[in-house]
$ cat structure00.pdb   # PDB, C-alpha atoms
ATOM      1  CA  MET A 220    -221.729 136.195   6.395
ATOM      2  CA  ILE A 221    -221.090 139.936   6.137
ATOM      3  CA  LYS A 222    -219.448 141.989   3.395
ATOM      4  CA  ASP A 223    -218.694 145.548   2.347
ATOM      5  CA  ILE A 224    -217.489 146.645   5.790
ATOM      6  CA  LYS A 225    -217.042 150.432   5.992
ATOM      7  CA  LEU A 226    -215.636 152.356   8.925
ATOM      8  CA  LEU A 227    -217.753 155.493   9.193
ATOM      9  CA  LYS A 228    -216.408 157.253  12.270
ATOM     10  CA  THR A 229    -213.721 156.747  14.907
ATOM     11  CA  GLU A 230    -213.708 158.639  18.203
ATOM     12  CA  VAL A 231    -210.961 158.410  20.813
ATOM     13  CA  LEU A 232    -212.629 157.914  24.204
ATOM     14  CA  SER A 233    -209.402 157.541  26.176
ATOM     15  CA  ASP A 234    -205.740 157.888  25.298
ATOM     16  CA  ASN A 235    -204.220 157.416  28.704
ATOM     17  CA  TRP A 236    -202.240 154.204  29.207
ATOM     18  CA  TYR A 237    -203.555 152.665  25.969
ATOM     19  CA  THR A 238    -206.200 153.851  23.480
ATOM     20  CA  LEU A 239    -209.935 153.209  23.691
ATOM     21  CA  ARG A 240    -211.834 154.025  20.504
ATOM     22  CA  LYS A 241    -215.538 154.103  19.693
ATOM     23  CA  ILE A 242    -215.967 152.984  16.091
ATOM     24  CA  THR A 243    -219.097 153.396  13.990
ATOM     25  CA  PHE A 244    -219.168 150.986  11.058
ATOM     26  CA  GLN A 245    -221.489 149.641   8.436
ATOM     27  CA  PHE A 246    -221.753 146.265   6.721
ATOM     28  CA  THR A 247    -224.027 144.336   4.425
ATOM     29  CA  LYS A 248    -225.662 141.148   5.685
ATOM     30  CA  LYS A 249    -226.045 138.033   3.552
ATOM     31  CA  ASN A 250    -229.653 139.000   2.761
ATOM     32  CA  GLY A 251    -228.519 142.427   1.463
ATOM     33  CA  GLU A 252    -229.616 144.439   4.494
ATOM     34  CA  VAL A 253    -227.185 147.235   5.420
ATOM     35  CA  ILE A 254    -226.535 147.527   9.166
ATOM     36  CA  THR A 255    -224.804 150.312  11.121
ATOM     37  CA  GLN A 256    -223.267 149.501  14.513
ATOM     38  CA  GLU A 257    -221.030 151.099  17.142
ATOM     39  CA  ARG A 258    -218.415 149.180  19.105
ATOM     40  CA  GLU A 259    -215.540 150.082  21.392
ATOM     41  CA  ALA A 260    -212.077 148.670  20.726
ATOM     42  CA  TYR A 261    -209.183 148.844  23.162
ATOM     43  CA  ASP A 262    -205.768 149.155  21.494
ATOM     44  CA  ARG A 263    -202.851 148.265  23.723
ATOM     45  CA  GLY A 264    -200.491 147.188  20.950
ATOM     46  CA  ASN A 265    -199.402 143.674  20.076
ATOM     47  CA  GLY A 266    -197.398 141.445  22.380
ATOM     48  CA  ALA A 267    -195.335 138.317  22.757
ATOM     49  CA  THR A 268    -195.179 135.565  25.365
ATOM     50  CA  ILE A 269    -192.824 132.659  25.996
ATOM     51  CA  LEU A 270    -192.687 129.465  28.014
ATOM     52  CA  LEU A 271    -189.195 128.399  29.042
ATOM     53  CA  TYR A 272    -188.845 124.650  29.559
ATOM     54  CA  ASN A 273    -186.063 122.319  30.694
ATOM     55  CA  LEU A 274    -186.193 118.830  29.175
ATOM     56  CA  GLU A 275    -183.798 117.217  31.682
ATOM     57  CA  GLN A 276    -185.407 118.643  34.815
ATOM     58  CA  LYS A 277    -188.930 118.613  33.331
ATOM     59  CA  THR A 278    -189.522 122.127  34.656
ATOM     60  CA  VAL A 279    -190.843 125.437  33.348
ATOM     61  CA  ILE A 280    -190.089 129.037  34.240
ATOM     62  CA  LEU A 281    -193.098 131.172  35.137
ATOM     63  CA  THR A 282    -193.502 134.551  36.822
ATOM     64  CA  ARG A 283    -195.718 135.896  39.584
ATOM     65  CA  GLN A 284    -196.781 139.526  39.687
ATOM     66  CA  PHE A 285    -199.602 141.827  40.743
ATOM     67  CA  ARG A 286    -202.317 142.451  38.122
ATOM     68  CA  LEU A 287    -204.734 145.232  39.076
ATOM     69  CA  PRO A 288    -207.586 144.169  36.731
ATOM     70  CA  THR A 289    -207.717 140.726  38.376
ATOM     71  CA  TYR A 290    -207.717 142.330  41.811
ATOM     72  CA  THR A 291    -210.711 144.474  40.882
ATOM     73  CA  ASN A 292    -212.497 141.372  39.561
ATOM     74  CA  GLY A 293    -212.286 139.057  42.550
ATOM     75  CA  ASN A 294    -208.638 137.940  42.773
ATOM     76  CA  GLU A 295    -208.063 138.654  46.483
ATOM     77  CA  SER A 296    -204.291 139.093  46.262
ATOM     78  CA  GLY A 297    -204.166 140.378  42.691
ATOM     79  CA  MET A 298    -201.180 138.075  42.104
ATOM     80  CA  MET A 299    -201.041 136.041  38.895
ATOM     81  CA  ILE A 300    -198.750 133.203  37.833
ATOM     82  CA  GLU A 301    -197.930 133.695  34.172
ATOM     83  CA  ALA A 302    -195.597 132.958  31.305
ATOM     84  CA  CYS A 303    -193.170 135.786  30.622
ATOM     85  CA  ALA A 304    -194.677 138.366  28.249
ATOM     86  CA  GLY A 305    -194.479 141.931  27.034
ATOM     87  CA  LEU A 306    -195.647 144.449  24.485
ATOM     88  CA  LEU A 307    -193.778 144.658  21.187
ATOM     89  CA  ASP A 308    -193.442 148.450  21.294
ATOM     90  CA  GLU A 309    -191.181 149.106  18.282
ATOM     91  CA  ASP A 310    -189.588 145.623  18.220
ATOM     92  CA  ASN A 311    -190.469 142.589  16.162
ATOM     93  CA  ALA A 312    -191.960 139.724  18.174
ATOM     94  CA  GLU A 313    -188.745 137.692  18.470
ATOM     95  CA  ASP A 314    -186.601 140.636  19.620
ATOM     96  CA  CYS A 315    -189.317 141.637  22.078
ATOM     97  CA  ILE A 316    -189.574 138.221  23.679
ATOM     98  CA  ARG A 317    -185.797 137.836  23.998
ATOM     99  CA  ARG A 318    -185.635 141.223  25.777
ATOM    100  CA  GLU A 319    -188.619 140.471  28.021
ATOM    101  CA  THR A 320    -187.242 137.027  28.914
ATOM    102  CA  GLU A 321    -183.978 138.494  30.140
ATOM    103  CA  GLU A 322    -185.653 141.407  31.977
ATOM    104  CA  GLU A 323    -188.358 139.343  33.667
ATOM    105  CA  THR A 324    -186.718 135.950  34.253
ATOM    106  CA  GLY A 325    -182.986 136.673  34.105
ATOM    107  CA  TYR A 326    -182.444 134.015  31.414
ATOM    108  CA  LEU A 327    -180.616 134.847  28.180
ATOM    109  CA  VAL A 328    -182.215 132.336  25.816
ATOM    110  CA  LYS A 329    -180.471 131.266  22.629
ATOM    111  CA  ASP A 330    -183.062 129.660  20.410
ATOM    112  CA  VAL A 331    -186.673 130.771  20.569
ATOM    113  CA  LYS A 332    -189.356 129.069  18.503
ATOM    114  CA  LYS A 333    -192.583 130.772  17.498
ATOM    115  CA  VAL A 334    -195.420 128.264  17.808
ATOM    116  CA  PHE A 335    -198.529 130.322  16.963
ATOM    117  CA  GLU A 336    -200.251 133.672  17.388
ATOM    118  CA  ALA A 337    -203.717 134.494  18.656
ATOM    119  CA  TYR A 338    -206.161 137.298  19.340
ATOM    120  CA  MET A 339    -206.636 137.068  23.091
ATOM    121  CA  SER A 340    -209.942 138.923  23.430
ATOM    122  CA  PRO A 341    -211.178 139.667  19.890
ATOM    123  CA  GLY A 342    -214.520 141.083  20.986
ATOM    124  CA  SER A 343    -212.947 144.129  22.622
ATOM    125  CA  VAL A 344    -209.130 144.216  22.321
ATOM    126  CA  THR A 345    -207.103 144.618  19.112
ATOM    127  CA  GLU A 346    -203.988 142.802  20.429
ATOM    128  CA  ILE A 347    -202.393 139.877  18.624
ATOM    129  CA  LEU A 348    -200.147 137.844  20.923
ATOM    130  CA  HIS A 349    -197.160 135.955  19.466
ATOM    131  CA  PHE A 350    -196.472 132.696  21.350
ATOM    132  CA  PHE A 351    -192.943 131.319  21.743
ATOM    133  CA  ILE A 352    -191.208 128.471  23.534
ATOM    134  CA  ALA A 353    -187.509 128.032  24.348
ATOM    135  CA  ALA A 354    -185.360 125.524  26.160
ATOM    136  CA  TYR A 355    -183.445 126.863  29.143
ATOM    137  CA  SER A 356    -180.620 125.646  31.354
ATOM    138  CA  LYS A 357    -178.980 126.988  34.514
ATOM    139  CA  ASP A 358    -175.997 128.343  32.545
ATOM    140  CA  MET A 359    -178.340 130.723  30.678
ATOM    141  CA  LYS A 360    -179.176 132.575  33.913
ATOM    142  CA  VAL A 361    -177.468 135.988  33.663
ATOM    143  CA  SER A 362    -179.388 137.937  36.332
ATOM    144  CA  GLU A 363    -182.102 137.593  38.954
ATOM    145  CA  GLY A 364    -184.743 138.942  36.575
ATOM    146  CA  GLY A 365    -187.743 140.576  38.205
ATOM    147  CA  GLY A 366    -188.416 143.217  35.564
ATOM    148  CA  VAL A 367    -186.955 146.651  35.021
ATOM    149  CA  ASP A 368    -186.874 149.042  37.991
ATOM    150  CA  HIS A 369    -188.423 152.065  36.264
ATOM    151  CA  GLU A 370    -191.521 150.016  35.344
ATOM    152  CA  GLU A 371    -192.046 148.836  38.962
ATOM    153  CA  GLU A 372    -192.945 145.340  37.763
ATOM    154  CA  ASN A 373    -191.844 143.525  40.948
ATOM    155  CA  ILE A 374    -191.791 140.118  39.257
ATOM    156  CA  GLU A 375    -191.034 136.904  41.138
ATOM    157  CA  VAL A 376    -189.397 134.178  39.028
ATOM    158  CA  LEU A 377    -190.711 130.644  39.603
ATOM    159  CA  GLU A 378    -189.211 127.347  38.471
ATOM    160  CA  ILE A 379    -191.982 124.752  38.630
ATOM    161  CA  PRO A 380    -192.122 121.066  37.675
ATOM    162  CA  PHE A 381    -194.139 120.817  34.460
ATOM    163  CA  GLU A 382    -196.696 118.356  35.859
ATOM    164  CA  GLU A 383    -197.253 120.608  38.868
ATOM    165  CA  ALA A 384    -197.792 123.622  36.579
ATOM    166  CA  LEU A 385    -200.400 121.648  34.628
ATOM    167  CA  SER A 386    -202.199 120.677  37.840
ATOM    168  CA  MET A 387    -202.195 124.352  38.906
ATOM    169  CA  ILE A 388    -204.618 125.026  36.046
ATOM    170  CA  GLY A 389    -207.151 122.662  37.625
ATOM    171  CA  THR A 390    -206.671 124.096  41.109
ATOM    172  CA  GLY A 391    -207.093 127.654  39.854
ATOM    173  CA  GLU A 392    -203.581 128.715  40.855
ATOM    174  CA  ILE A 393    -202.912 129.425  37.164
ATOM    175  CA  LYS A 394    -205.764 131.378  35.552
ATOM    176  CA  ASP A 395    -203.840 133.261  32.881
ATOM    177  CA  ALA A 396    -204.992 132.299  29.369
ATOM    178  CA  LYS A 397    -201.636 132.696  27.601
ATOM    179  CA  THR A 398    -199.933 130.517  30.211
ATOM    180  CA  ILE A 399    -202.598 127.834  29.997
ATOM    181  CA  MET A 400    -202.282 127.820  26.204
ATOM    182  CA  LEU A 401    -198.493 127.423  26.313
ATOM    183  CA  LEU A 402    -198.587 124.686  28.952
ATOM    184  CA  GLN A 403    -201.177 122.818  26.902
ATOM    185  CA  TYR A 404    -199.070 123.291  23.759
ATOM    186  CA  ILE A 405    -196.089 121.636  25.491
ATOM    187  CA  ARG A 406    -198.366 118.775  26.616
ATOM    188  CA  LEU A 407    -199.953 118.307  23.176
ATOM    189  CA  GLN A 408    -196.514 118.175  21.573
ATOM    190  CA  ASN A 409    -195.371 115.578  24.167
ATOM    191  CA  MET A 410    -192.312 117.696  24.885
ATOM    192  CA  LEU A 411    -192.232 117.111  28.654
TER     193      LEU A 411
END

$ encode --input "structure00.pdb" --output "structure tokens"
Amino acid sequence: MIKDIKLLKTEVLSDNWYTLRKITFQFTKKNGEVITQEREAYDRGNGATILLYNLEQKTVILTRQFRLPTYTNGNESGMMIEACAGLLDEDNAEDCIRRETEEETGYLVKDVKKVFEAYMSPGSVTEILHFFIAAYSKDMKVSEGGGVDHEEENIEVLEIPFEEALSMIGTGEIKDAKTIMLLQYIRLQNML
């Protein structure tokens, strides 16, 4: 539909926690008309997420933690139930998700499987999220998890029956998109 995209100007509006840029660009429409537009893009880096599942117990491991943006947008407690996740930083996606899994959940997983990747909010955020799943068992638990102290994550680790986790989507107890996508993936694959 559009072609000949040219980035004309990039301004950094904020470079605090992540980077917010205002980008002026030009493109040619199908009818030949050249259009110039400005958009803002938030760059927080790419990330990875994982759903741990136990075939025998038919359970999943999720986390609960405070998320300020949800609190400012109507979530009274600010607490969110989510699949374990983190930013790649300098790691590849698989190394990142292994590290995050151990830090957040306390499980040292052996085999992780990448199932897909997705842009989570392509209209405003540059992030690509890499989605993983991994089987877990009690003997893989090496710590209490909860996140790393210096990041003040204060993460609660939850072990939830899979069917209950699915029903929590309908009740609104789980509103996190990445978690919903992973739970639905497990269901669509008839894994639990």

$ residues_around --input "structure00.pdb" --residues "Phe246 in chain A" --least-positions-apart "2" --cutoff "6 Å" --atoms "all atoms listed in the file" --output "JSON, numbers by chain"
{"A": [222, 223, 224, 253, 254]}

$ residues_near_point --input "structure00.pdb" --point "(-212.1, 155.2, 19.2)" --cutoff "8 Å" --atoms "all atoms listed in the file" --output "list of chain:residue names"
A:Thr229, A:Glu230, A:Val231, A:Leu232, A:Ser233, A:Thr238, A:Leu239, A:Arg240, A:Lys241, A:Ile242, A:Glu259, A:Ala260

$ closest_residue --input "structure00.pdb" --among "A:Ser343, A:Asn273, A:Gln256, A:Thr268" --to "Met410 in chain A" --atoms "all atoms listed in the file"
A:Asn273

$ atom_distance --input "structure00.pdb" --atom1 "CA of Gly297 in chain A" --atom2 "CA of Gly264 in chain A"
23.1 Å

$ closest_residue --input "structure00.pdb" --among "A:Leu411, A:Arg283, A:Met220, A:Lys225" --to "Asn250 in chain A" --atoms "all atoms listed in the file"
A:Met220

$ resolve_selection --input "structure00.pdb" --expression "the PyMOL selection byres ((chain A and resi 402-409) around 9)" --output "MDAnalysis selection string"
chainID A and resid 270 272 279 334 352 381 384:385 397:401 410:411

$ write_last_selection --input "structure00.pdb" --atoms "C-alpha atoms" --output "PDB file, keeping the file's coordinate frame"
ATOM      1  CA  LEU A 270    -192.687 129.465  28.014  1.00  0.00           C
ATOM      2  CA  TYR A 272    -188.845 124.650  29.559  1.00  0.00           C
ATOM      3  CA  VAL A 279    -190.843 125.437  33.348  1.00  0.00           C
ATOM      4  CA  VAL A 334    -195.420 128.264  17.808  1.00  0.00           C
ATOM      5  CA  ILE A 352    -191.208 128.471  23.534  1.00  0.00           C
ATOM      6  CA  PHE A 381    -194.139 120.817  34.460  1.00  0.00           C
ATOM      7  CA  ALA A 384    -197.792 123.622  36.579  1.00  0.00           C
ATOM      8  CA  LEU A 385    -200.400 121.648  34.628  1.00  0.00           C
ATOM      9  CA  LYS A 397    -201.636 132.696  27.601  1.00  0.00           C
ATOM     10  CA  THR A 398    -199.933 130.517  30.211  1.00  0.00           C
ATOM     11  CA  ILE A 399    -202.598 127.834  29.997  1.00  0.00           C
ATOM     12  CA  MET A 400    -202.282 127.820  26.204  1.00  0.00           C
ATOM     13  CA  LEU A 401    -198.493 127.423  26.313  1.00  0.00           C
ATOM     14  CA  MET A 410    -192.312 117.696  24.885  1.00  0.00           C
ATOM     15  CA  LEU A 411    -192.232 117.111  28.654  1.00  0.00           C
TER      16      LEU A 411
END

$ closest_residue --input "structure00.pdb" --among "A:Glu346, A:Glu257, A:Glu363, A:Glu336" --to "Thr320 in chain A" --atoms "all atoms listed in the file"
A:Glu363

$ resolve_selection --input "structure00.pdb" --expression "the PyMOL selection byres ((chain A and resi 305) around 9)" --output "PDB file with C-alpha atoms, in the frame of the given file"
ATOM      1  CA  ASN A 265    -199.402 143.674  20.076  1.00  0.00           C
ATOM      2  CA  GLY A 266    -197.398 141.445  22.380  1.00  0.00           C
ATOM      3  CA  ALA A 267    -195.335 138.317  22.757  1.00  0.00           C
ATOM      4  CA  THR A 268    -195.179 135.565  25.365  1.00  0.00           C
ATOM      5  CA  CYS A 303    -193.170 135.786  30.622  1.00  0.00           C
ATOM      6  CA  ALA A 304    -194.677 138.366  28.249  1.00  0.00           C
ATOM      7  CA  LEU A 306    -195.647 144.449  24.485  1.00  0.00           C
ATOM      8  CA  LEU A 307    -193.778 144.658  21.187  1.00  0.00           C
ATOM      9  CA  ASP A 308    -193.442 148.450  21.294  1.00  0.00           C
ATOM     10  CA  CYS A 315    -189.317 141.637  22.078  1.00  0.00           C
ATOM     11  CA  ILE A 316    -189.574 138.221  23.679  1.00  0.00           C
ATOM     12  CA  ARG A 318    -185.635 141.223  25.777  1.00  0.00           C
ATOM     13  CA  GLU A 319    -188.619 140.471  28.021  1.00  0.00           C
ATOM     14  CA  THR A 320    -187.242 137.027  28.914  1.00  0.00           C
TER      15      THR A 320
END

$ closest_residue --input "structure00.pdb" --among "A:Met339, A:Leu348, A:Ala353, A:Ile300" --to "Tyr326 in chain A" --atoms "all atoms listed in the file"
A:Ala353

$ resolve_selection --input "structure00.pdb" --expression "the PyMOL selection byres ((chain A and resi 327) around 10)" --output "list in words"
Arg317, Arg318, Glu319, Thr320, Glu321, Glu322, Thr324, Gly325, Tyr326, Val328, Lys329, Asp330, Tyr355, Ser356, Asp358, Met359, Lys360, Val361 and Ser362 of chain A

$ axis_aligned_box --input "structure00.pdb" --around "range 236-246 of chain A" --padding-each-side "4 Å" --output "AutoDock Vina command-line options"
--center_x -212.0 --center_y 150.2 --center_z 18.0 --size_x 27.5 --size_y 15.9 --size_z 30.5

$ closest_residue --input "structure00.pdb" --among "A:Thr243, A:Gly366, A:Arg258, A:Gln276" --to "Glu382 in chain A" --atoms "only C-alpha atoms"
A:Gln276

$ atom_distance --input "structure00.pdb" --atom1 "CA of Thr278 in chain A" --atom2 "CA of Ser296 in chain A"
25.3 Å

$ atom_distance --input "structure00.pdb" --atom1 "CA of Lys277 in chain A" --atom2 "CA of Val367 in chain A"
28.2 Å

$ residues_around --input "structure00.pdb" --residues "Thr289 in chain A" --least-positions-apart "5" --cutoff "12 Å" --atoms "all atoms listed in the file" --output "list in words"
Gln284, Asn294, Glu295, Ser296, Gly297, Met298, Met299, Ile300, Lys394 and Asp395 of chain A
